[in-house]
Structure formats: C-alpha cells, structure tokens
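What follows is the content of start01.txt (compact mmCIF, C-alpha atoms).
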```txt
# COMPACT_ATOMS: atom_id res chain seq x y z
CA MET O 29 0.00 0.00 0.00
CA ASN O 30 1.52 3.37 -0.99
CA LYS O 31 0.96 6.77 0.62
CA ILE O 32 -1.69 7.76 -1.92
CA THR O 33 -3.72 4.65 -1.05
CA LEU O 34 -3.36 5.42 2.67
CA ILE O 35 -4.70 8.93 2.11
CA LYS O 36 -7.70 7.66 0.13
CA VAL O 37 -8.57 5.13 2.85
CA ASN O 38 -8.26 7.72 5.59
CA MET O 39 -10.34 10.31 3.78
CA ARG O 40 -13.21 7.83 3.51
CA ASN O 41 -12.95 6.99 7.20
CA PHE O 42 -12.98 10.63 8.24
CA LYS O 43 -15.97 12.07 6.46
CA VAL O 44 -17.84 11.81 9.76
CA LEU O 45 -15.12 13.61 11.73
CA ILE O 46 -14.94 16.41 9.21
CA ALA O 47 -18.70 16.78 9.44
CA LEU O 48 -18.44 16.91 13.24
CA PHE O 49 -15.89 19.69 12.96
CA PHE O 50 -18.21 21.92 11.00
CA ILE O 51 -21.20 21.01 13.17
CA SER O 52 -19.26 22.01 16.30
CA TRP O 53 -18.23 25.23 14.56
CA SER O 54 -21.87 26.03 13.73
CA PHE O 55 -22.91 25.48 17.36
CA ALA O 56 -20.14 27.80 18.49
CA GLN O 57 -21.38 30.38 15.99
CA GLU O 58 -24.88 30.25 17.43
CA LYS O 59 -23.70 30.64 21.03
CA GLU O 60 -21.40 33.52 20.17
CA GLY O 61 -24.14 35.22 18.22
CA THR O 62 -26.27 35.62 21.35
CA THR O 63 -23.56 37.59 23.16
CA THR O 64 -21.33 39.33 20.62
CA PRO O 65 -21.22 40.05 16.88
CA GLU O 66 -17.53 39.07 16.77
CA LYS O 67 -16.93 36.39 14.14
CA PRO O 68 -14.56 33.42 14.55
CA LYS O 69 -11.20 33.61 12.83
CA PHE O 70 -9.90 30.93 10.49
CA TYR O 71 -6.24 30.06 9.96
CA PHE O 72 -4.33 27.77 7.64
CA THR O 73 -1.89 25.82 9.82
CA TYR O 74 1.17 23.61 9.55
CA GLY O 75 3.53 22.13 12.07
CA LEU O 76 5.13 19.08 13.65
CA ASN O 77 3.74 16.54 16.11
CA ALA O 78 5.55 13.88 18.11
CA GLN O 79 3.64 10.68 18.83
CA VAL O 80 4.92 8.64 21.78
CA GLN O 81 3.24 5.25 21.46
CA ASP O 82 2.88 2.47 24.02
CA GLU O 83 4.68 -0.73 23.02
CA LEU O 84 2.87 -2.26 20.06
CA SER O 85 1.57 -5.81 20.22
CA ILE O 86 3.34 -6.66 16.97
CA ASP O 87 6.67 -5.72 18.60
CA LYS O 88 6.56 -8.97 20.60
CA LYS O 89 6.44 -11.03 17.40
CA LEU O 90 9.16 -8.92 15.78
CA LYS O 91 11.37 -9.37 18.85
CA VAL O 92 10.91 -13.17 18.85
CA ALA O 93 11.90 -13.26 15.17
CA GLY O 94 15.01 -11.15 15.82
CA LEU O 95 13.62 -8.28 13.75
CA PRO O 96 13.69 -4.55 14.59
CA GLU O 97 10.73 -3.26 16.58
CA VAL O 98 8.60 -0.29 15.55
CA ASN O 99 9.86 2.98 17.01
CA SER O 100 7.73 4.18 19.93
CA PHE O 101 8.58 7.79 18.99
CA THR O 102 7.20 8.85 15.61
CA PRO O 103 7.42 12.36 14.11
CA GLU O 104 4.42 13.63 12.19
CA PHE O 105 4.36 16.60 9.80
CA PHE O 106 0.87 18.05 9.32
CA ILE O 107 -1.15 20.73 7.59
CA GLY O 108 -4.64 21.80 8.56
CA MET O 109 -7.12 24.50 9.47
CA THR O 110 -8.02 26.20 12.77
CA MET O 111 -11.19 28.00 13.79
CA PHE O 112 -10.81 30.34 16.79
CA GLY O 113 -13.85 32.05 18.29
CA LYS O 114 -14.50 33.99 21.46
CA LYS O 115 -15.46 30.95 23.58
CA TYR O 116 -14.81 27.95 21.35
CA SER O 117 -12.03 26.80 19.07
CA GLY O 118 -11.26 23.77 16.98
CA ASP O 119 -8.98 22.48 14.31
CA ILE O 120 -8.47 19.64 11.89
CA ASP O 121 -5.02 18.34 10.93
CA PHE O 122 -3.79 15.98 8.24
CA GLY O 123 -0.49 14.42 9.25
CA PHE O 124 2.13 12.25 7.54
CA LEU O 125 4.24 9.73 9.49
CA ASN O 126 7.55 8.17 8.55
CA SER O 127 9.95 6.26 10.79
CA LYS O 128 12.45 3.42 10.47
CA ASN O 129 14.43 1.09 12.70
CA GLU O 130 17.27 -1.38 12.10
CA ALA O 131 18.52 -4.57 13.75
CA GLY O 132 21.44 -6.39 12.16
CA ASN O 133 20.77 -6.92 8.47
CA ASN O 134 17.05 -6.21 8.81
CA GLU O 135 15.13 -2.95 8.73
CA ASN O 136 11.56 -1.80 9.11
CA ARG O 137 9.82 1.29 7.85
CA TYR O 138 6.51 2.59 9.16
CA ILE O 139 4.59 5.14 7.10
CA GLY O 140 1.12 6.42 7.80
CA PHE O 141 -1.51 9.11 7.57
CA THR O 142 -3.29 10.68 10.55
CA THR O 143 -6.39 12.85 10.59
CA ARG O 144 -6.96 14.63 13.90
CA LEU O 145 -9.93 16.74 15.03
CA ARG O 146 -9.86 18.94 18.15
CA VAL O 147 -12.90 20.56 19.76
CA HIS O 148 -11.95 22.95 22.58
CA TYR O 149 -13.40 25.45 25.01
CA ASN O 150 -11.35 28.65 25.45
CA LEU O 151 -10.56 28.89 29.18
CA ILE O 152 -8.36 31.96 28.65
CA ASN O 153 -8.73 34.25 25.65
CA LYS O 154 -6.56 37.37 25.80
CA GLU O 155 -5.05 39.56 23.13
CA LYS O 156 -1.62 37.89 23.22
CA VAL O 157 -2.28 34.53 24.85
CA ALA O 158 -5.04 31.91 24.97
CA PHE O 159 -5.41 28.57 26.69
CA THR O 160 -7.97 26.01 25.49
CA THR O 161 -8.89 22.47 26.44
CA GLY O 162 -11.19 19.76 25.17
CA LEU O 163 -11.03 16.53 23.18
CA ASN O 164 -8.94 14.98 20.41
CA PHE O 165 -10.48 12.60 17.88
CA SER O 166 -7.98 10.97 15.53
CA ASN O 167 -7.43 8.12 13.11
CA THR O 168 -4.14 6.64 11.90
CA THR O 169 -3.80 4.29 8.97
CA GLY O 170 -0.29 2.87 8.79
CA GLU O 171 1.80 0.44 6.80
CA LEU O 172 4.73 -1.50 8.25
CA VAL O 173 7.32 -2.91 5.83
CA VAL O 174 10.02 -5.26 7.16
CA PHE O 175 12.83 -6.30 4.83
CA THR O 176 16.36 -7.67 4.56
CA LYS O 177 18.75 -4.96 3.42
CA ASN O 178 20.82 -7.10 1.02
CA ASN O 179 17.90 -8.11 -1.19
CA VAL O 180 18.63 -8.39 -4.91
CA ILE O 181 15.95 -8.03 -7.59
CA ASP O 182 16.66 -9.56 -10.98
CA LEU O 183 14.71 -7.69 -13.65
CA ASN O 184 15.10 -10.72 -15.89
CA ASP O 185 13.16 -12.78 -13.36
CA LEU O 186 10.25 -10.81 -11.91
CA THR O 187 8.27 -13.83 -10.76
CA PRO O 188 7.06 -12.77 -7.28
CA ALA O 189 7.76 -16.21 -5.79
CA ASN O 190 11.44 -15.83 -6.75
CA ASN O 191 11.79 -12.37 -5.18
CA VAL O 192 11.31 -12.62 -1.43
CA GLY O 193 12.82 -10.99 1.65
CA ASN O 194 10.18 -8.48 2.73
CA LEU O 195 6.70 -8.35 4.22
CA SER O 196 4.10 -5.61 4.29
CA LEU O 197 1.38 -5.18 6.92
CA ARG O 198 -1.14 -2.46 7.64
CA ASN O 199 -3.59 -1.50 10.35
CA ASN O 200 -6.12 1.18 11.19
CA LEU O 201 -6.72 2.74 14.62
CA PHE O 202 -9.15 5.32 16.00
CA PHE O 203 -8.25 7.35 19.09
CA VAL O 204 -10.02 9.73 21.47
CA GLY O 205 -8.73 11.59 24.50
CA PRO O 206 -8.22 14.89 26.34
CA SER O 207 -6.07 17.67 24.92
CA ALA O 208 -4.99 21.23 25.63
CA SER O 209 -3.56 24.06 23.54
CA LEU O 210 -1.59 27.20 24.38
CA TYR O 211 -1.81 30.02 21.81
CA LEU O 212 0.82 32.74 21.66
CA PHE O 213 -0.22 35.74 19.56
CA ASN O 214 3.04 37.69 19.48
CA ASN O 215 2.01 39.97 16.64
CA LYS O 216 -0.19 40.00 13.58
CA SER O 217 2.24 37.97 11.46
CA THR O 218 3.47 35.43 14.03
CA LYS O 219 1.08 33.08 15.77
CA LEU O 220 2.16 29.93 17.58
CA ARG O 221 0.22 27.07 19.19
CA LEU O 222 1.55 24.37 21.51
CA ASN O 223 -0.55 21.21 21.77
CA VAL O 224 -0.50 18.30 24.19
CA GLY O 225 -2.88 15.35 24.38
CA TYR O 226 -3.30 11.75 25.44
CA GLU O 227 -5.19 9.52 23.03
CA PHE O 228 -6.87 6.22 23.92
CA ALA O 229 -7.07 3.57 21.17
CA PHE O 230 -10.64 2.23 21.07
CA THR O 231 -10.59 0.03 17.94
CA ASN O 232 -8.78 -3.29 17.64
CA GLY O 233 -6.30 -2.24 14.93
CA LYS O 234 -5.79 -5.78 13.61
CA TRP O 235 -2.78 -6.18 11.32
CA LYS O 236 -3.71 -7.13 7.75
CA SER O 237 -2.02 -7.42 4.38
CA ASP O 238 -3.04 -6.45 0.86
CA TYR O 239 -0.79 -9.15 -0.57
CA ALA O 240 -1.43 -12.25 1.53
CA ASP O 241 -3.62 -13.86 4.15
CA VAL O 242 -2.28 -13.17 7.65
CA ASN O 243 -2.25 -16.05 10.13
CA ASN O 244 -1.81 -15.55 13.89
CA THR O 245 -2.38 -11.80 13.56
CA VAL O 246 -2.40 -9.49 16.58
CA LYS O 247 -4.57 -6.54 17.54
CA GLU O 248 -3.35 -3.15 18.75
CA GLN O 249 -6.34 -2.37 20.95
CA GLY O 250 -5.29 -0.57 24.13
CA ASN O 251 -2.02 0.81 22.75
CA ASN O 252 -2.47 4.46 23.68
CA ARG O 253 -0.20 7.41 22.90
CA PHE O 254 0.91 10.87 24.00
CA VAL O 255 0.87 13.59 21.34
CA PHE O 256 2.96 16.76 21.56
CA GLY O 257 2.93 19.38 18.83
CA ILE O 258 3.93 22.84 17.67
CA THR O 259 1.80 24.69 15.14
CA LEU O 260 2.28 27.85 13.11
CA LEU O 261 -0.86 29.81 12.27
```
Now that the file is in, can you turn its structure into structure tokens?
Amino acid sequence: MNKITLIKVNMRNFKVLIALFFISWSFAQEKEGTTTPEKPKFYFTYGLNAQVQDELSIDKKLKVAGLPEVNSFTPEFFIGMTMFGKKYSGDIDFGFLNSKNEAGNNENRYIGFTTRLRVHYNLINKEKVAFTTGLNFSNTTGELVVFTKNNVIDLNDLTPANNVGNLSLRNNLFFVGPSASLYLFNNKSTKLRLNVGYEFAFTNGKWKSDYADVNNTVKEQGNNRFVFGITLL
C-alpha cells in the first residue's frame, strides 16, 4: 500500500469527523451570536507533532523473530485549518508519518496518515495569549514494511515467488482523549500554538495485508499514545 492509497482510505474513514468539525463550529457560531457580533477567525496551519506510542503488540512477534521493533517515537508533519472564536475553538489536521528502525541486516519502515480533530473550550482568551482544552479525535492508517537490506531483484526474473525478503502489513486505529492548547499571539504575522494530548485507542487495529492472508495476527487495541505538537498559524 503506498501513501496515496493510505490517504484515500483515511479520507473515507474521516468524512464523519470532518462533518463533526463543521457542526461544532456552527454550534459555536450560534452561542457567540447571542452575546457578541464578533466572528470566529480561520487560519491555515502547519507544524510538527511527536507521537509517543505504548509498546505495540506486533513488537513482541518482531522481537521473537530477531527483527527490529517499531519505534515508539514517531514524528508527524501536518497541515490543517483552525477556527478560533471567542469561547470555542477547533482544528483539523492531516499528518504524515515516517519512521524506520534497524537490527542487524534487517530494517523496518513505518509510514502512515493521521487525521486529527480537536474541539476545545477557550478557558483563557486574551489579546496575546489563549489557553484552550477539550477533546482529540484521531485516526491513523499505517503500513509496516520489514525487509532484509541485502535483497537483490533480478529484472530478468520478476516472478514474485522468486523475489522474497520483505513483508508488508497495515492496520487502522481510532483514538479519542483529552487535549490542551496554548496560543501565543506575538504579533499579527506570528502566531504559535503548543498542543498536548493523550489519546486512547478504542478500535482493535488488527494487522492485515493487501498481498497475503495473515495467520496468527495481533490486535493493537489498548495501545495508547501521547501527542505533543507545535503549530504555526
């Protein structure tokens, strides 16, 4: 599965979350309208998250086989959009993951796509600083490729059965959990947001393959993660 396929799968899964984002924004509009004519502000955003994952269930099988485990720390570059109103704020991010790990002559690479929705209440909303808290909803579709580094492919013999030495697995996980954001409005051209959250995995995240039947698969249910991020608005 390539990155384009991951994005297509994730976009189908997240139609509901995107709808929730705009529904929550409309509710915030109605509540603000009863007290002030001030309109919410919208920002295009980009930044970097760090996902610190609990040990994955598949790591136990990788360890037994003498293969490298999946990194528990995964960087995530994202782009998105933020809505910031007087009392409520929210944002939606689209993030791209890429990490690798080595052990001896073997290597793994984990790539993925995350969509994350935040719905927050603005506890502090000042001219130069704001503090908000609420919930994260996120989904990560990832692909894990494990391979031997000295593989040789003979273009005169492209029979798949004669070209081995790697495996490809994928899974899909939904998360929900508390989050908080600190906004720093230094001036009109520089706006910064710091995010922190803890996300609970509430789907089983069973490992599958697009190329083979998977026997003795494992599920990633209960593997939660911390998320730390910095965003430019």
What is the distance, in Å and to one decimal place, between atom CA of O:Asp241 and atom CA of O:Ile181?
-> 23.6 Å
Rounded to one decimal place, report the atom CA of O:Leu210-atom CA of O:Ser166 distance in Å.
->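 Atom CA of O:Ser166 lies at a distance of 19.6 Å from atom CA of O:Leu210.
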Could you tell me which of O:Gln81, O:Asn232, O:Thr73, O:Asn134 comes closest to O:Leu95 if we count all atoms listed in the file?
->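 Between O:Gln81, O:Asn232, O:Thr73, O:Asn134, the residue approaching O:Leu95 most closely is O:Asn134.
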Can you check which parts of stretch 108-206 of chain O lie within 12 Å of stretch 244-249 of chain O? Per residue, the shortest pair of atoms and distance in Å to one decimal, counting all atoms listed in the file, sorted by chain and number, as a tab-separated table.
```
residue	atom	partner	partner_atom	distance
O:Thr168	CA	O:Glu248	CA	12.0
O:Leu197	CA	O:Thr245	CA	10.1
O:Arg198	CA	O:Thr245	CA	11.1
O:Asn199	CA	O:Glu248	CA	8.6
O:Asn200	CA	O:Glu248	CA	9.1
O:Leu201	CA	O:Glu248	CA	7.9
O:Phe202	CA	O:Gln249	CA	9.6
O:Phe203	CA	O:Gln249	CA	10.1
```
Rounded to one decimal place, report the atom CA of O:Ile107-atom CA of O:Lys154 distance in Å.
->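 One can read the atom CA of O:Ile107 to atom CA of O:Lys154 distance as 25.3 Å.
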Across O:Phe159, O:Asn191, O:Glu135, O:Phe106, the smallest distance to O:Leu260, with all atoms listed in the file counted, is shown by O:Phe106
Which residue of O:Met109, O:Ala240, O:Ile139, O:Ala208 approaches O:Phe256 most closely, using all atoms listed in the file |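 The answer is O:Ala208, which sits nearest to O:Phe256.
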Do a neighbour search on O:Leu125 at 10 Å with all atoms listed in the file, toss out local chain neighbours closer than 3 positions, and write the hits as an MDAnalysis selection string.
-> chainID O and resid 31 77:79 102:106 138:142 168:171
Please provide as a count of residues only all residues within 7 Å of O:Thr259, with the sequence filter that same-chain residues fewer than 4 positions apart are discarded (counting all atoms listed in the file).
-> 7
Between O:Thr218, O:Asn190, O:Asn251, O:Ser207, which is the closest to O:Phe230 once you count all atoms listed in the file?
->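 Ranking O:Thr218, O:Asn190, O:Asn251, O:Ser207 by distance to O:Phe230, first place goes to O:Asn251.
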Kindly indicate which residue among O:Asn153, O:Thr231, O:Thr143, O:Ser196 lies nearest to O:Leu212, using only C-alpha atoms for the distances.
-> O:Asn153
List the neighbours of O:Thr110 out to 12 Å using all atoms listed in the file; skip same-chain residues closer than 4 positions along the sequence, and give me the result as a PyMOL selection string.
-> chain O and resi 49-50+53+68-74+116-122+144-148+209+211+219-221+259-261
Looking at O:Leu90, O:Tyr149, O:Phe165, O:Ser100, which one is nearest to O:Ala131, with distances taken over only C-alpha atoms?
->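 Among O:Leu90, O:Tyr149, O:Phe165, O:Ser100, it is O:Leu90 that comes nearest to O:Ala131.
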